[in-house]
Structures are given as structure tokens and as C-alpha cells.
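Here is the file start29.txt (compact mmCIF, C-alpha atoms).
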# COMPACT_ATOMS: atom_id res chain seq x y z
CA MET A 1 12.41 -8.12 1.67
CA GLY A 2 12.39 -11.51 -0.07
CA ALA A 3 10.99 -11.49 -3.59
CA ASP A 4 8.21 -13.93 -2.72
CA ALA A 5 6.91 -12.10 0.36
CA LYS A 6 3.79 -10.01 -0.24
CA PHE A 7 3.79 -8.49 3.25
CA LYS A 8 6.73 -6.62 4.77
CA ARG A 9 5.47 -6.91 8.36
CA ILE A 10 2.75 -9.10 9.87
CA LEU A 11 1.29 -9.86 13.26
CA LEU A 12 0.55 -13.54 13.79
CA LYS A 13 -2.06 -14.37 16.43
CA LEU A 14 -1.67 -17.86 17.90
CA SER A 15 -4.18 -19.30 20.33
CA GLY A 16 -2.90 -21.18 23.33
CA ASP A 17 -4.71 -24.23 21.95
CA SER A 18 -2.20 -24.32 19.09
CA PHE A 19 0.43 -25.36 21.63
CA SER A 20 -1.31 -28.61 22.54
CA PRO A 21 -2.84 -31.52 20.61
CA SER A 22 -6.53 -31.14 19.81
CA GLY A 23 -8.68 -31.66 22.89
CA GLU A 24 -5.74 -31.65 25.29
CA ARG A 25 -4.21 -29.09 27.66
CA GLY A 26 -0.67 -28.06 28.52
CA ILE A 27 2.30 -27.53 26.21
CA SER A 28 3.33 -30.10 23.62
CA MET A 29 6.78 -29.15 22.36
CA ASP A 30 6.09 -31.20 19.22
CA GLU A 31 3.27 -28.77 18.41
CA VAL A 32 5.39 -25.74 19.31
CA VAL A 33 8.29 -26.95 17.16
CA HIS A 34 5.91 -27.54 14.24
CA ILE A 35 4.61 -23.96 14.43
CA SER A 36 8.12 -22.57 14.91
CA GLY A 37 9.31 -24.29 11.75
CA GLN A 38 6.53 -22.65 9.75
CA VAL A 39 7.23 -19.22 11.25
CA HIS A 40 10.94 -19.62 10.50
CA GLU A 41 10.19 -20.43 6.85
CA ALA A 42 8.02 -17.33 6.57
CA GLN A 43 10.67 -15.12 8.13
CA ARG A 44 13.29 -16.37 5.70
CA LEU A 45 11.35 -14.61 2.95
CA GLY A 46 12.28 -11.34 4.63
CA CYS A 47 8.96 -10.77 6.38
CA GLN A 48 9.09 -9.07 9.78
CA ILE A 49 6.99 -11.08 12.26
CA ALA A 50 5.42 -10.21 15.59
CA VAL A 51 3.50 -12.93 17.44
CA VAL A 52 0.73 -12.54 20.02
CA ILE A 53 -0.05 -15.69 22.00
CA GLY A 54 -3.06 -16.85 23.96
CA GLY A 55 -2.88 -18.95 27.12
CA GLY A 56 -5.97 -21.15 26.96
CA ASN A 57 -3.95 -24.36 26.81
CA ILE A 58 -2.74 -23.64 30.36
CA LEU A 59 -5.55 -21.65 31.94
CA ARG A 60 -8.73 -19.86 30.92
CA GLY A 61 -9.97 -17.02 33.08
CA SER A 62 -13.55 -18.13 32.47
CA GLN A 63 -13.01 -21.27 34.56
CA PHE A 64 -12.81 -19.05 37.64
CA THR A 65 -15.82 -16.85 36.90
CA ALA A 66 -18.46 -19.12 38.39
CA GLU A 67 -20.56 -17.53 41.12
CA ASN A 68 -19.01 -19.75 43.79
CA SER A 69 -15.40 -19.06 42.76
CA VAL A 70 -13.19 -17.44 45.39
CA VAL A 71 -10.93 -16.06 42.63
CA HIS A 72 -11.89 -12.54 41.54
CA GLU A 73 -12.51 -12.25 37.79
CA ALA A 74 -9.74 -9.66 37.41
CA THR A 75 -7.33 -12.02 39.18
CA ALA A 76 -8.32 -14.81 36.81
CA HIS A 77 -7.48 -12.57 33.85
CA TYR A 78 -4.05 -11.81 35.29
CA MET A 79 -3.48 -15.55 35.75
CA GLY A 80 -4.32 -16.03 32.08
CA MET A 81 -1.86 -13.30 31.11
CA LEU A 82 0.92 -15.09 32.97
CA ALA A 83 0.02 -18.27 31.06
CA THR A 84 0.70 -16.46 27.76
CA VAL A 85 4.22 -15.63 28.95
CA ILE A 86 4.83 -19.30 29.76
CA ASN A 87 3.79 -20.12 26.18
CA GLY A 88 6.03 -17.31 24.94
CA LEU A 89 9.06 -18.81 26.65
CA ALA A 90 8.39 -22.18 25.00
CA LEU A 91 7.94 -20.56 21.58
CA GLN A 92 11.08 -18.47 22.01
CA ASP A 93 13.29 -21.48 22.67
CA ALA A 94 11.72 -23.45 19.81
CA LEU A 95 12.27 -20.56 17.37
CA GLU A 96 15.86 -20.07 18.50
CA ALA A 97 16.46 -23.80 18.01
CA CYS A 98 15.47 -23.17 14.36
CA GLY A 99 18.10 -20.42 14.14
CA CYS A 100 15.80 -17.41 14.61
CA ASP A 101 16.78 -14.34 16.57
CA THR A 102 13.92 -13.53 18.96
CA ARG A 103 12.77 -11.21 21.68
CA LEU A 104 10.03 -12.02 24.20
CA MET A 105 8.25 -8.89 25.43
CA SER A 106 5.61 -8.73 28.14
CA ALA A 107 2.95 -6.12 28.83
CA ILE A 108 3.42 -7.01 32.53
CA LYS A 109 6.89 -6.23 33.79
CA MET A 110 8.91 -9.36 34.64
CA ASP A 111 12.53 -8.47 33.99
CA GLY A 112 13.87 -11.84 35.06
CA VAL A 113 12.42 -13.65 32.04
CA CYS A 114 11.65 -11.11 29.30
CA GLU A 115 11.72 -7.49 28.20
CA PRO A 116 8.92 -5.04 28.98
CA TYR A 117 6.79 -4.18 25.97
CA ILE A 118 7.78 -0.78 24.60
CA ARG A 119 6.42 0.04 21.17
CA ARG A 120 9.52 1.73 19.78
CA ARG A 121 11.77 -1.03 21.08
CA ALA A 122 9.51 -3.69 19.52
CA GLN A 123 9.62 -1.86 16.19
CA ARG A 124 13.40 -1.71 16.34
CA HIS A 125 13.62 -5.45 17.02
CA LEU A 126 11.45 -6.10 13.97
CA GLU A 127 13.60 -3.84 11.81
CA LYS A 128 16.65 -5.82 12.90
CA GLY A 129 15.03 -9.07 11.75
CA ARG A 130 14.10 -10.42 15.16
CA ILE A 131 10.85 -12.28 15.73
CA VAL A 132 9.03 -10.42 18.50
CA ILE A 133 6.85 -12.52 20.79
CA LEU A 134 4.30 -10.45 22.67
CA GLY A 135 2.99 -11.90 25.92
CA ALA A 136 0.58 -10.86 28.69
CA GLY A 137 -2.03 -9.43 26.34
CA THR A 138 -2.48 -5.71 26.91
CA GLY A 139 -1.39 -5.94 30.54
CA GLY A 140 -4.90 -5.21 31.80
CA PRO A 141 -7.83 -7.48 32.72
CA PHE A 142 -11.13 -7.84 30.83
CA VAL A 143 -9.38 -7.69 27.47
CA THR A 144 -8.87 -10.74 25.24
CA THR A 145 -5.63 -11.62 23.50
CA ASP A 146 -7.52 -11.13 20.21
CA THR A 147 -8.06 -7.49 21.15
CA ALA A 148 -4.40 -7.30 22.21
CA ALA A 149 -3.45 -8.61 18.75
CA ALA A 150 -5.61 -5.97 17.07
CA LEU A 151 -4.12 -3.16 19.16
CA ARG A 152 -0.53 -4.33 18.66
CA SER A 153 -1.18 -4.57 14.91
CA MET A 154 -1.99 -0.87 14.82
CA GLU A 155 0.83 0.11 17.18
CA LEU A 156 3.46 -1.75 15.17
CA SER A 157 2.07 -0.66 11.76
CA VAL A 158 1.84 -4.19 10.36
CA ASP A 159 0.44 -4.86 6.90
CA ILE A 160 -2.02 -7.53 8.04
CA LEU A 161 -3.20 -9.37 11.16
CA MET A 162 -3.05 -13.12 10.60
CA LYS A 163 -5.04 -15.32 12.93
CA ALA A 164 -3.97 -18.96 12.92
CA THR A 165 -6.75 -21.40 13.87
CA ARG A 166 -7.35 -25.13 13.74
CA VAL A 167 -10.01 -24.82 10.98
CA ASP A 168 -9.67 -23.60 7.40
CA GLY A 169 -11.06 -20.09 7.94
CA VAL A 170 -14.31 -18.40 8.94
CA TYR A 171 -17.44 -20.55 8.70
CA SER A 172 -21.14 -19.79 8.92
CA GLU A 173 -21.24 -22.13 11.94
CA ASP A 174 -18.76 -24.16 13.95
CA PRO A 175 -17.49 -26.74 11.39
CA GLU A 176 -16.47 -29.09 14.19
CA LYS A 177 -20.14 -29.31 15.20
CA ASN A 178 -21.85 -28.87 11.82
CA PRO A 179 -20.08 -30.55 8.86
CA HIS A 180 -22.36 -28.61 6.48
CA ALA A 181 -21.15 -25.19 7.67
CA VAL A 182 -20.17 -22.87 4.82
CA LEU A 183 -16.58 -21.60 4.53
CA TYR A 184 -16.28 -17.94 3.58
CA THR A 185 -13.31 -16.85 1.49
CA GLU A 186 -14.03 -13.11 1.83
CA LEU A 187 -15.93 -11.08 4.41
CA GLU A 188 -16.39 -7.49 5.43
CA TYR A 189 -15.96 -6.41 9.05
CA THR A 190 -19.63 -5.45 9.26
CA GLU A 191 -20.70 -8.91 8.11
CA VAL A 192 -18.62 -10.54 10.84
CA ILE A 193 -20.21 -8.32 13.52
CA GLU A 194 -23.78 -8.45 12.20
CA GLN A 195 -23.77 -12.24 11.73
CA GLY A 196 -22.02 -12.83 15.06
CA LEU A 197 -19.37 -14.97 13.38
CA ARG A 198 -16.93 -16.39 15.90
CA VAL A 199 -13.64 -15.18 14.49
CA MET A 200 -12.36 -12.73 17.07
CA ASP A 201 -14.25 -10.85 19.73
CA SER A 202 -16.29 -7.87 18.54
CA THR A 203 -13.94 -5.35 20.16
CA ALA A 204 -10.99 -6.70 18.15
CA ILE A 205 -13.02 -6.62 14.92
CA SER A 206 -14.18 -3.07 15.62
CA HIS A 207 -10.61 -1.87 16.20
CA CYS A 208 -9.49 -3.44 12.92
CA MET A 209 -12.45 -1.95 11.06
CA GLU A 210 -11.82 1.52 12.49
CA HIS A 211 -8.17 1.43 11.37
CA ASP A 212 -8.73 -0.57 8.16
CA MET A 213 -6.47 -3.41 9.33
CA PRO A 214 -7.06 -6.49 7.14
CA ILE A 215 -7.43 -9.84 8.91
CA MET A 216 -6.57 -13.23 7.46
CA VAL A 217 -7.89 -16.35 9.21
CA PHE A 218 -6.38 -19.69 8.21
CA ASN A 219 -5.53 -23.20 9.37
CA PHE A 220 -2.04 -23.32 10.89
CA ARG A 221 -2.12 -27.12 11.15
CA LYS A 222 -1.76 -27.44 7.37
CA ASP A 223 1.94 -27.47 6.58
CA GLY A 224 3.08 -24.44 4.65
CA ASN A 225 -0.01 -22.31 5.30
CA ILE A 226 1.87 -19.60 7.19
CA LEU A 227 4.36 -19.42 4.32
CA ARG A 228 1.55 -19.26 1.76
CA ALA A 229 -0.20 -16.54 3.74
CA VAL A 230 2.94 -14.41 3.84
CA ARG A 231 3.33 -14.86 0.09
CA GLY A 232 -0.18 -13.49 -0.35
CA GLU A 233 -1.65 -16.74 -1.64
CA ARG A 234 -5.33 -17.47 -1.16
CA VAL A 235 -5.62 -19.34 2.14
CA GLY A 236 -8.49 -19.23 4.59
CA THR A 237 -10.67 -16.12 4.88
CA ILE A 238 -9.74 -12.48 4.31
CA ILE A 239 -11.68 -9.82 6.22
CA THR A 240 -11.51 -6.23 4.95
CA THR A 241 -13.64 -3.10 4.54
CA LYS A 242 -14.60 -4.16 1.03
CA LYS A 243 -14.50 -7.60 -0.50
CA VAL A 244 -11.29 -8.08 -2.43
CA PRO A 245 -11.11 -9.41 -6.01
CA PRO A 246 -9.73 -12.95 -6.48
CA ARG A 247 -5.94 -13.23 -6.64
CA ASP A 248 -4.07 -15.46 -9.04
CA ASN A 249 -1.92 -17.99 -7.22
Would you put the structure from the file into C-alpha cells?
Amino acid sequence: MGADAKFKRILLKLSGDSFSPSGERGISMDEVVHISGQVHEAQRLGCQIAVVIGGGNILRGSQFTAENSVVHEATAHYMGMLATVINGLALQDALEACGCDTRLMSAIKMDGVCEPYIRRRAQRHLEKGRIVILGAGTGGPFVTTDTAAALRSMELSVDILMKATRVDGVYSEDPEKNPHAVLYTELEYTEVIEQGLRVMDSTAISHCMEHDMPIMVFNFRKDGNILRAVRGERVGTIITTKKVPPRDN
């Protein structure tokens, strides 16, 4: 492992929104290339990286859950899972253009475009220095990609779950709506649940709390933040069982 890397293995959770400019939909390859460059820099430190992707830039299951929708809610969730694989294909090509060796794995079998997700195979890819992109969530409906990220973090024995967002960390309120919202640097899982802070869904937080999986939430749009996070520098918000003492950067 590179001398500067604090974490040997991480899981990076990217929302689908990170693949498009703010307020827009679809895939912007400029955005994907920007993220890929940051991930590549982090991997060069020797850190093993698995990535779980959302699909909200393409489709959100909630848009089909209205009472008058002819699409069953479970079907809508499957549609969203397929959207994450589309994002995974874009990320895979962008990472390989940077010189990374990658594997795209899906929880829903689709042999023509990617490998099926098998835990031991994913671990082996990581050990060989490949960036593993995990698509299709858990493969089942009614589960968010945040929960999928939490579950994969435990399965793959990562050191930390890193959630990349478009704000600087966890706030008391939505900072895009309230400019006076307070940014937390440290939180405990119970505080996140009790205060209803919108970080990840409560199921994902509960899984991480049960297995003592630390979560780091930070702004991926700031150049170098993924690299800083992997180095263990203070970026964004850290969520653990107990508040951690300040680190010297």
C-alpha cells in the first residue's frame, strides 16, 4: 500500500447525480471523467477501491410511484437498477481511459455487458488492484443504493464507506435551501438517526452502526477531496460509534 494511504480498502458511494451537471439529468462524460481522474489518483496510492453507483440521473423509481402510475413500484425499482449499470459502463470506460484496470459487476445477471456479482470474485479483483464497480444495487427492489453500499462494505471488509455528495458533508438542514445550516465534522450513528439527518437512509445507517462501519461524507466536486479522504485527512463529516478526536493534517 502507498505510504500516504490511510485506508487499505474503501467503498466509494457515488450518486447518479454526480454523473450530470447540477440540476440536469442524463450522463455528462465531462463529469464522469472528472470523477474518474480523482478515483485514479486515489488508487495510485495503493488503495483498493470498490464503487457503488446510483441511477437517479437517468431514472428515479419514485417518479413511477404515483397512484395513477401503470408501472408497479417493484418494476420501477428494477428500472432504476438497470440505470445504475448504464452509469457503471460509462464510469468503467472513463476509468480505463485513465489507465485503470476495472471490473463492472452487477447484482442482476447480464453476462453480455458485465460480470455477475460474486463476493469472493470481487475480493479477488480488489486484491489484484482492479477498481470494482458494483451496479444494480442489491439486485432486489425496495432497497436503496445507499443500503447496497452499506451491505457491500461489510461483505468486502472495507475499512470505511465513503459517500461522495455535492455538499461539504452532513448539515443540520439542507444547505442548498438554508445557507445558515450547520456543518457537522463528527457525528455518531445514533445522532444521525435521532435527528433524521439526510445522509443515507436509516436502514443503511443501522447496518453500518451494527457492524461498526465508519462513514465519511464529503464533497466530490472539490478537486482532490477523494485523494485527501483516502489519505485520512479531515474532509467532510465522519460518522462513527463514538466521536473521534481531531486528526493533524
Residues of region 205-230 of chain A that approach region 152-169 of chain A to 8 Å or less, counting only C-alpha atoms: could you list each one with the shortest pair of atoms and its distance in Å to one decimal, rows by chain and increasing residue number, as CSV?
residue,atom,partner,partner_atom,distance
A:His211,CA,A:Met154,CA,7.4
A:Met213,CA,A:Ile160,CA,6.2
A:Pro214,CA,A:Ile160,CA,5.2
A:Ile215,CA,A:Leu161,CA,4.8
A:Met216,CA,A:Met162,CA,4.7
A:Val217,CA,A:Lys163,CA,4.8
A:Phe218,CA,A:Gly169,CA,4.7
A:Asn219,CA,A:Asp168,CA,4.6
A:Phe220,CA,A:Ala164,CA,5.2
A:Arg221,CA,A:Arg166,CA,6.2
Write out, as a PDB file, in the coordinates of the input, the residues just selected, with C-alpha atoms.
ATOM      1  CA  HIS A 211      -8.170   1.430  11.370  1.00  0.00           C
ATOM      2  CA  MET A 213      -6.470  -3.410   9.330  1.00  0.00           C
ATOM      3  CA  PRO A 214      -7.060  -6.490   7.140  1.00  0.00           C
ATOM      4  CA  ILE A 215      -7.430  -9.840   8.910  1.00  0.00           C
ATOM      5  CA  MET A 216      -6.570 -13.230   7.460  1.00  0.00           C
ATOM      6  CA  VAL A 217      -7.890 -16.350   9.210  1.00  0.00           C
ATOM      7  CA  PHE A 218      -6.380 -19.690   8.210  1.00  0.00           C
ATOM      8  CA  ASN A 219      -5.530 -23.200   9.370  1.00  0.00           C
ATOM      9  CA  PHE A 220      -2.040 -23.320  10.890  1.00  0.00           C
ATOM     10  CA  ARG A 221      -2.120 -27.120  11.150  1.00  0.00           C
TER      11      ARG A 221
END
For this session: Could you jot down the CA of Lys109 (chain A) to CA of Leu151 (chain A) separation for me, Å, one decimal place?
Result: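 CA of Lys109 (chain A) sits 18.6 Å away from CA of Leu151 (chain A).
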If we count only C-alpha atoms, what is near region 26-34 of chain A at a cut-off of 9 Å, once residues fewer than 5 positions away on the same chain are taken out, given as a JSON list (two decimals) with C-alpha atoms, in the frame of the given file?
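The new file around.json reads:
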[["chain", "number", "residue", "atom", "x", "y", "z"],
["A", 16, "GLY", "CA", -2.90, -21.18, 23.33],
["A", 17, "ASP", "CA", -4.71, -24.23, 21.95],
["A", 18, "SER", "CA", -2.20, -24.32, 19.09],
["A", 19, "PHE", "CA", 0.43, -25.36, 21.63],
["A", 20, "SER", "CA", -1.31, -28.61, 22.54],
["A", 21, "PRO", "CA", -2.84, -31.52, 20.61],
["A", 39, "VAL", "CA", 7.23, -19.22, 11.25],
["A", 56, "GLY", "CA", -5.97, -21.15, 26.96],
["A", 57, "ASN", "CA", -3.95, -24.36, 26.81],
["A", 58, "ILE", "CA", -2.74, -23.64, 30.36],
["A", 59, "LEU", "CA", -5.55, -21.65, 31.94],
["A", 87, "ASN", "CA", 3.79, -20.12, 26.18],
["A", 90, "ALA", "CA", 8.39, -22.18, 25.00],
["A", 91, "LEU", "CA", 7.94, -20.56, 21.58],
["A", 94, "ALA", "CA", 11.72, -23.45, 19.81],
["A", 95, "LEU", "CA", 12.27, -20.56, 17.37],
["A", 97, "ALA", "CA", 16.46, -23.80, 18.01],
["A", 98, "CYS", "CA", 15.47, -23.17, 14.36],
["A", 221, "ARG", "CA", -2.12, -27.12, 11.15],
["A", 223, "ASP", "CA", 1.94, -27.47, 6.58]]
For this session: For CA of Ser36 (chain A) and CA of Ser15 (chain A), quote the distance in Å rounded to one decimal.
Result: 13.8 Å
Exercise. Which residue gives the smallest distance to Leu183 (chain A) among A:Asn225, A:Thr237, A:Thr203, A:Gln92, with all atoms listed in the file counted?
Worked result: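 Selected residue with least distance to Leu183 (chain A): A:Thr237.
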Exercise. So how far away is CA of Ala136 (chain A) from CA of Leu45 (chain A), in Å?
Worked result: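 If I compute the distance from CA of Leu45 (chain A) to CA of Ala136 (chain A), I get 28.2 Å.
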Problem set entry | Using only C-alpha atoms: which of A:Leu126, A:His207, A:Val199, A:Glu186 has the shortest distance to Val235 (chain A) | A:Glu186
Exercise. Near region 5-7 of chain A, counting only C-alpha atoms, which residues have an atom at most 9 Å away, once you skip same-chain residues fewer than 2 positions from it, shown as a PyMOL selection string?
Worked result: chain A and resi 1-3+9-10+42+45-48+158-160+227+229-233
Problem set entry | Non-local contacts of region 69-81 of chain A (9 Å; only C-alpha atoms; under 6 positions in same chain excluded) as a list in words | Gly54, Gly55, Gly56, Ile58, Leu59, Arg60, Gly61, Ser62, Gln63, Ala107, Ile108, Gly135, Ala136, Gly137, Thr138, Gly139, Gly140, Pro141, Phe142, Val143, Thr144 and Thr145 of chain A
For this session: Would you list the contacts of Val113 (chain A) as a ChimeraX atom specification, taking every protein, DNA or RNA residue within 10 Å and counting all atoms listed in the file, but skipping same-chain residues closer than 3 positions in sequence?
Result: /A:85-86,89,104-106,109-110,116
Just the selected residues (C-alpha atoms), exported as a PDB file, in the coordinates of the input, please.
ATOM      1  CA  VAL A  85       4.220 -15.630  28.950  1.00  0.00           C
ATOM      2  CA  ILE A  86       4.830 -19.300  29.760  1.00  0.00           C
ATOM      3  CA  LEU A  89       9.060 -18.810  26.650  1.00  0.00           C
ATOM      4  CA  LEU A 104      10.030 -12.020  24.200  1.00  0.00           C
ATOM      5  CA  MET A 105       8.250  -8.890  25.430  1.00  0.00           C
ATOM      6  CA  SER A 106       5.610  -8.730  28.140  1.00  0.00           C
ATOM      7  CA  LYS A 109       6.890  -6.230  33.790  1.00  0.00           C
ATOM      8  CA  MET A 110       8.910  -9.360  34.640  1.00  0.00           C
ATOM      9  CA  PRO A 116       8.920  -5.040  28.980  1.00  0.00           C
TER      10      PRO A 116
END
Please produce region 153-172 of chain A, completed to N, CA and C atoms, as a PDB file, in the coordinates of the input.
ATOM      1  N   SER A 153      -1.270  -4.702  16.369  1.00  0.00           N
ATOM      2  CA  SER A 153      -1.180  -4.570  14.910  1.00  0.00           C
ATOM      3  C   SER A 153      -1.134  -3.102  14.507  1.00  0.00           C
ATOM      4  N   MET A 154      -1.989  -2.304  15.125  1.00  0.00           N
ATOM      5  CA  MET A 154      -1.990  -0.870  14.820  1.00  0.00           C
ATOM      6  C   MET A 154      -0.732  -0.186  15.346  1.00  0.00           C
ATOM      7  N   GLU A 155      -0.349  -0.532  16.578  1.00  0.00           N
ATOM      8  CA  GLU A 155       0.830   0.110  17.180  1.00  0.00           C
ATOM      9  C   GLU A 155       2.092  -0.150  16.363  1.00  0.00           C
ATOM     10  N   LEU A 156       2.235  -1.357  15.865  1.00  0.00           N
ATOM     11  CA  LEU A 156       3.460  -1.750  15.170  1.00  0.00           C
ATOM     12  C   LEU A 156       3.370  -1.548  13.653  1.00  0.00           C
ATOM     13  N   SER A 157       2.242  -0.992  13.187  1.00  0.00           N
ATOM     14  CA  SER A 157       2.070  -0.660  11.760  1.00  0.00           C
ATOM     15  C   SER A 157       2.317  -1.875  10.855  1.00  0.00           C
ATOM     16  N   VAL A 158       1.696  -2.999  11.203  1.00  0.00           N
ATOM     17  CA  VAL A 158       1.840  -4.190  10.360  1.00  0.00           C
ATOM     18  C   VAL A 158       0.950  -4.059   9.126  1.00  0.00           C
ATOM     19  N   ASP A 159       1.225  -4.874   8.132  1.00  0.00           N
ATOM     20  CA  ASP A 159       0.440  -4.860   6.900  1.00  0.00           C
ATOM     21  C   ASP A 159      -0.861  -5.647   7.038  1.00  0.00           C
ATOM     22  N   ILE A 160      -0.841  -6.661   7.897  1.00  0.00           N
ATOM     23  CA  ILE A 160      -2.020  -7.530   8.040  1.00  0.00           C
ATOM     24  C   ILE A 160      -1.931  -8.280   9.370  1.00  0.00           C
ATOM     25  N   LEU A 161      -3.083  -8.540   9.954  1.00  0.00           N
ATOM     26  CA  LEU A 161      -3.200  -9.370  11.160  1.00  0.00           C
ATOM     27  C   LEU A 161      -3.604 -10.761  10.700  1.00  0.00           C
ATOM     28  N   MET A 162      -2.776 -11.746  10.991  1.00  0.00           N
ATOM     29  CA  MET A 162      -3.050 -13.120  10.600  1.00  0.00           C
ATOM     30  C   MET A 162      -3.415 -13.940  11.827  1.00  0.00           C
ATOM     31  N   LYS A 163      -4.612 -14.481  11.814  1.00  0.00           N
ATOM     32  CA  LYS A 163      -5.040 -15.320  12.930  1.00  0.00           C
ATOM     33  C   LYS A 163      -4.987 -16.786  12.524  1.00  0.00           C
ATOM     34  N   ALA A 164      -4.122 -17.536  13.204  1.00  0.00           N
ATOM     35  CA  ALA A 164      -3.970 -18.960  12.920  1.00  0.00           C
ATOM     36  C   ALA A 164      -4.954 -19.749  13.783  1.00  0.00           C
ATOM     37  N   THR A 165      -5.763 -20.596  13.158  1.00  0.00           N
ATOM     38  CA  THR A 165      -6.750 -21.400  13.870  1.00  0.00           C
ATOM     39  C   THR A 165      -6.599 -22.867  13.488  1.00  0.00           C
ATOM     40  N   ARG A 166      -7.444 -23.707  14.070  1.00  0.00           N
ATOM     41  CA  ARG A 166      -7.350 -25.130  13.740  1.00  0.00           C
ATOM     42  C   ARG A 166      -8.371 -25.538  12.673  1.00  0.00           C
ATOM     43  N   VAL A 167      -9.104 -24.553  12.107  1.00  0.00           N
ATOM     44  CA  VAL A 167     -10.010 -24.820  10.980  1.00  0.00           C
ATOM     45  C   VAL A 167      -9.569 -23.966   9.798  1.00  0.00           C
ATOM     46  N   ASP A 168     -10.181 -24.183   8.637  1.00  0.00           N
ATOM     47  CA  ASP A 168      -9.670 -23.600   7.400  1.00  0.00           C
ATOM     48  C   ASP A 168      -9.987 -22.128   7.191  1.00  0.00           C
ATOM     49  N   GLY A 169     -10.726 -21.501   8.092  1.00  0.00           N
ATOM     50  CA  GLY A 169     -11.060 -20.090   7.940  1.00  0.00           C
ATOM     51  C   GLY A 169     -12.308 -19.772   8.747  1.00  0.00           C
ATOM     52  N   VAL A 170     -13.082 -18.808   8.264  1.00  0.00           N
ATOM     53  CA  VAL A 170     -14.310 -18.400   8.940  1.00  0.00           C
ATOM     54  C   VAL A 170     -15.490 -19.136   8.319  1.00  0.00           C
ATOM     55  N   TYR A 171     -16.279 -19.787   9.150  1.00  0.00           N
ATOM     56  CA  TYR A 171     -17.440 -20.550   8.700  1.00  0.00           C
ATOM     57  C   TYR A 171     -18.736 -19.904   9.181  1.00  0.00           C
ATOM     58  N   SER A 172     -19.814 -20.274   8.518  1.00  0.00           N
ATOM     59  CA  SER A 172     -21.140 -19.790   8.920  1.00  0.00           C
ATOM     60  C   SER A 172     -21.523 -20.317  10.300  1.00  0.00           C
TER      61      SER A 172
END
